[in-house]
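Trainee: This is the structure, below, for whatever I ask next.
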Amino acid sequence: MKFWIGVDDTDSRKGMCTTYVALLMIEKLGDIGNLISFPRLIRLNPTIPYKTRGNGAVSFALELENLDKAMEIADEVIRKYAELDDENTNPGVVFVKEEKVQYLEEFAKRAIKDVLSIEDAYKVLERYSIPYLKYKNGRGLIGALASVGARLEDFVYELITYRYPEKFGKPRQYDEESFYEMDLNLYPLVFDTVDWCNHVIMAVPSTPCPVLFGLRGEDVESLKKAIKMVKTEKWEKYTIFLTNHATDMHIIDNGEIKDFRSYRIVGRVVEKPYEIIGGHVFLRFETSKCILKCSAFEPTKQFRNIIRALIPGDILEVYGSVKRSTLNLEKINVLKLEKNFVEENPSCPICGKKMESAGKNQGFRCRKCKNKAFEKFRFEIPRKIETGFYEVPPCARRHLTKPLIRMNTDKKHIFR
Ligand code: ATP
């Protein structure tokens, strides 16, 4: 019988990774069942406060005869490898018969775009009589169910290598150049590996987890070429996941703005963007329903220059997640640029110097030549940006954010 197994919430900031725990589970379950196709790494709502890092959950399909035995094996793996001592680690594992997966699609959509409760997960588990394992408060059941139910219309692959256990927590050894070299060769089939402008290798995490590096790509062949090109310490094993990374699956179109959700909204810039200490840039933006504060925080680096260049009247489509009533920008589509006029006191036609005010409602005069003028001089300054899409650089990109290189649009300004 074909079962989908979903796993979530097994790691903590101190170590481990749900993809690794799931992989160990797949290996151990290999004694009693056969893995069908790729395991899936599904990213859920990126704004959820309980997340450890990227709010990822894993699911995989197995041909199984003995469910009780499979649950026993999964339980052993969780007890042995999950970070159960951490107060924020609350694992959940679900075992869903293939024909019931369709009933979880709506739940998964909500887990990716919305905020759910543990009770929501229990309702679904009871309603469809889904066997499960839960540890502590069982919050991981939300992600476990969602990772099984997510229907991926768009997807990419993620190849993840894992270190030898004795290396966990120690500095990673790798040749930076080789990652840039690989990017030169395989981009955009393999993408978001490095950030050329900000000198960051995104493929290599800095956390104490078992992952050595992760490569993101459009097809399996390119990822297999890529793994041969990067030079690193020896890894123990690797897996290729099918994933909703880089798909914008978290984005809600024009919904009612609420905290902890992500949106795509059209509106108008209402005042000149302003900056605060630390280099964070803010924008006030008028939508059909409200005035929304949007932010481009310091880590979004050169993207802030695009926001700084906006002026009142510009029409944009903004993409981003809302927290504390502020939308953190992931990308913008500049739909219409307002003309940028500047007014100055007129110049004297004889001596060329700027005229001065002749008094209230009296126009302007040149003190030296006695020339008079009645209106300010108005002229247009060319804009520093043009219409089209702009995105945050790779080092500031969320797993779920669709990079412009993957978007089917002509007018895009790619930060690579
Ligand atoms: P990693 O990606 O390194 O595995 P993580 O960032 O995925 O870690 P978790 O430890 O899995 O973080 O914690 C996220 C928790 O939030 C899980 O318990 C998951 O079930 C829960 N969760 C996920 N999406 C939602 C949602 N939309 N509403 C409520 N809870 C959610």
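Chain labels run A, B, ... following the order of the structure tokens; each chain numbers its residues from 1, and ligands are numbered from 1 in the order shown.
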Find the spatial neighbours of region 71-73 of chain A, counting only C-alpha atoms, within a cut-off of 12 Å - ignore same-chain residues fewer than 3 positions away - and output them as number ranges by chain.
Mentor: A: 3, 5-7, 22, 24-33, 64-68, 76-80, 92-96, 131-134
Trainee: Produce a table with one row for each residue of chain A that has an atom at most 7 Å from any atom of ligand 1, each row naming the nearest atom pair and its distance in Å at one decimal; use only C-alpha atoms and all ligand atoms; arrange rows by chain and rising residue number; format as a Markdown table.
Mentor:
```
| residue | atom | partner | partner_atom_place_in_ligand_line | distance |
| --- | --- | --- | --- | --- |
| A:Asp8 | CA | ligand 1 | 11 (O) | 5.1 |
| A:Asp9 | CA | ligand 1 | 11 (O) | 3.5 |
| A:Thr10 | CA | ligand 1 | 10 (O) | 5.9 |
| A:Asp11 | CA | ligand 1 | 10 (O) | 5.3 |
| A:Ser12 | CA | ligand 1 | 10 (O) | 6.2 |
| A:Cys17 | CA | ligand 1 | 4 (O) | 5.0 |
| A:Thr18 | CA | ligand 1 | 4 (O) | 4.3 |
| A:Thr19 | CA | ligand 1 | 4 (O) | 6.6 |
| A:Leu44 | CA | ligand 1 | 24 (N) | 4.9 |
| A:Asn45 | CA | ligand 1 | 27 (N) | 4.9 |
| A:Ile48 | CA | ligand 1 | 25 (C) | 6.0 |
| A:Tyr50 | CA | ligand 1 | 16 (O) | 5.0 |
| A:Lys51 | CA | ligand 1 | 12 (O) | 3.5 |
| A:Thr52 | CA | ligand 1 | 6 (O) | 3.7 |
| A:Arg53 | CA | ligand 1 | 6 (O) | 3.5 |
| A:Gly54 | CA | ligand 1 | 6 (O) | 3.9 |
| A:Asn55 | CA | ligand 1 | 7 (O) | 3.1 |
| A:Gly56 | CA | ligand 1 | 7 (O) | 3.7 |
| A:Ala57 | CA | ligand 1 | 7 (O) | 5.8 |
| A:Thr89 | CA | ligand 1 | 10 (O) | 5.9 |
| A:Asn90 | CA | ligand 1 | 18 (O) | 6.1 |
| A:Pro91 | CA | ligand 1 | 18 (O) | 6.8 |
| A:Arg110 | CA | ligand 1 | 27 (N) | 6.3 |
| A:Ala111 | CA | ligand 1 | 27 (N) | 3.5 |
| A:Ile112 | CA | ligand 1 | 27 (N) | 5.5 |
| A:Lys113 | CA | ligand 1 | 27 (N) | 6.5 |
| A:Asp114 | CA | ligand 1 | 27 (N) | 5.1 |
| A:Val115 | CA | ligand 1 | 28 (N) | 3.7 |
| A:Leu116 | CA | ligand 1 | 28 (N) | 3.8 |
| A:Ser117 | CA | ligand 1 | 29 (C) | 5.5 |
| A:Arg139 | CA | ligand 1 | 18 (O) | 4.1 |
| A:Gly140 | CA | ligand 1 | 18 (O) | 3.5 |
| A:Leu141 | CA | ligand 1 | 20 (O) | 5.4 |
| A:Ile142 | CA | ligand 1 | 20 (O) | 4.0 |
| A:Gly143 | CA | ligand 1 | 20 (O) | 3.6 |
| A:Ala144 | CA | ligand 1 | 20 (O) | 6.5 |
```
Trainee: Could you please write out, as JSON, numbers by chain, every residue of region 182-302 of chain A that DSSP assigns to strand (DSSP E or B)?
Mentor: {"A": [190, 191, 194, 195, 200, 201, 211, 212, 213, 214, 215, 216, 217, 232, 237, 238, 239, 240, 241, 242, 243, 251, 252, 253, 261, 262, 263, 264, 265, 266, 267, 268, 269, 274, 275, 276, 280, 281, 282, 283, 284, 285, 286, 291, 292, 293, 294, 295, 296]}
Trainee: I need the chosen residues saved as a PDB file, in the first residue's frame, with C-alpha atoms.
Mentor:
```pdb
ATOM      1  CA  VAL A 190      21.382  26.105 -10.806  1.00  0.00           C
ATOM      2  CA  PHE A 191      20.579  29.398  -9.082  1.00  0.00           C
ATOM      3  CA  VAL A 194      26.217  32.671  -4.448  1.00  0.00           C
ATOM      4  CA  ASP A 195      25.684  36.418  -4.201  1.00  0.00           C
ATOM      5  CA  VAL A 200      28.067  35.546   0.179  1.00  0.00           C
ATOM      6  CA  ILE A 201      27.869  31.825  -0.543  1.00  0.00           C
ATOM      7  CA  VAL A 211      24.015  20.151   6.141  1.00  0.00           C
ATOM      8  CA  LEU A 212      27.293  20.817   4.308  1.00  0.00           C
ATOM      9  CA  PHE A 213      25.749  22.645   1.356  1.00  0.00           C
ATOM     10  CA  GLY A 214      22.506  22.853  -0.591  1.00  0.00           C
ATOM     11  CA  LEU A 215      22.205  23.513  -4.316  1.00  0.00           C
ATOM     12  CA  ARG A 216      19.011  24.726  -5.934  1.00  0.00           C
ATOM     13  CA  GLY A 217      18.205  23.886  -9.511  1.00  0.00           C
ATOM     14  CA  THR A 232      34.489  20.866  -0.159  1.00  0.00           C
ATOM     15  CA  LYS A 237      25.620  11.415   1.773  1.00  0.00           C
ATOM     16  CA  TYR A 238      23.311  13.540  -0.319  1.00  0.00           C
ATOM     17  CA  THR A 239      19.638  13.633  -1.254  1.00  0.00           C
ATOM     18  CA  ILE A 240      17.696  15.469  -3.902  1.00  0.00           C
ATOM     19  CA  PHE A 241      14.412  16.938  -2.700  1.00  0.00           C
ATOM     20  CA  LEU A 242      11.565  18.177  -4.801  1.00  0.00           C
ATOM     21  CA  THR A 243      10.595  21.526  -3.287  1.00  0.00           C
ATOM     22  CA  ILE A 251       2.002  35.010  -1.630  1.00  0.00           C
ATOM     23  CA  ILE A 252      -1.674  36.000  -1.217  1.00  0.00           C
ATOM     24  CA  ASP A 253      -3.074  38.111  -4.038  1.00  0.00           C
ATOM     25  CA  ARG A 261       0.951  36.663   5.976  1.00  0.00           C
ATOM     26  CA  SER A 262       2.625  37.537   2.668  1.00  0.00           C
ATOM     27  CA  TYR A 263       1.034  39.557  -0.127  1.00  0.00           C
ATOM     28  CA  ARG A 264       1.182  40.930  -3.641  1.00  0.00           C
ATOM     29  CA  ILE A 265      -0.535  44.325  -3.675  1.00  0.00           C
ATOM     30  CA  VAL A 266      -0.765  47.224  -6.119  1.00  0.00           C
ATOM     31  CA  GLY A 267      -0.690  50.786  -4.851  1.00  0.00           C
ATOM     32  CA  ARG A 268       0.858  54.245  -4.988  1.00  0.00           C
ATOM     33  CA  VAL A 269       3.834  55.715  -3.204  1.00  0.00           C
ATOM     34  CA  TYR A 274      12.799  57.748   4.422  1.00  0.00           C
ATOM     35  CA  GLU A 275      15.702  56.106   6.160  1.00  0.00           C
ATOM     36  CA  ILE A 276      16.483  55.436   9.824  1.00  0.00           C
ATOM     37  CA  HIS A 280      16.718  50.630   7.006  1.00  0.00           C
ATOM     38  CA  VAL A 281      14.572  52.287   4.324  1.00  0.00           C
ATOM     39  CA  PHE A 282      10.787  52.742   4.619  1.00  0.00           C
ATOM     40  CA  LEU A 283       8.042  53.568   2.189  1.00  0.00           C
ATOM     41  CA  ARG A 284       4.447  54.671   2.728  1.00  0.00           C
ATOM     42  CA  PHE A 285       2.224  53.031   0.190  1.00  0.00           C
ATOM     43  CA  GLU A 286      -1.475  53.607  -0.535  1.00  0.00           C
ATOM     44  CA  ILE A 291      -1.934  53.063   3.811  1.00  0.00           C
ATOM     45  CA  LEU A 292       0.731  50.436   4.318  1.00  0.00           C
ATOM     46  CA  LYS A 293       4.261  50.862   5.616  1.00  0.00           C
ATOM     47  CA  CYS A 294       6.780  48.866   3.554  1.00  0.00           C
ATOM     48  CA  SER A 295      10.371  48.234   4.549  1.00  0.00           C
ATOM     49  CA  ALA A 296      13.672  47.424   2.898  1.00  0.00           C
TER      50      ALA A 296
END
```
Trainee: With distances taken over only C-alpha atoms, which of A:Glu391, A:Lys339, A:Ile311, A:Arg172 is nearest to Pro208 (chain A)?
Mentor: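 Result for the nearest residue to Pro208 (chain A): A:Arg172.
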Trainee: If I take CA of His399 (chain A) and CA of Leu41 (chain A), how far is one from the other in Å, to one decimal?
Mentor: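 About the pair CA of His399 (chain A) and CA of Leu41 (chain A): they are 10.9 Å apart.
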Trainee: Between A:Cys209, A:Val392, A:Ile130, A:Ala82, which one has atoms that come closest to Arg13 (chain A), using only C-alpha atoms?
Mentor: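 Going through A:Cys209, A:Val392, A:Ile130, A:Ala82 one by one, the smallest distance to Arg13 (chain A) is for A:Cys209.
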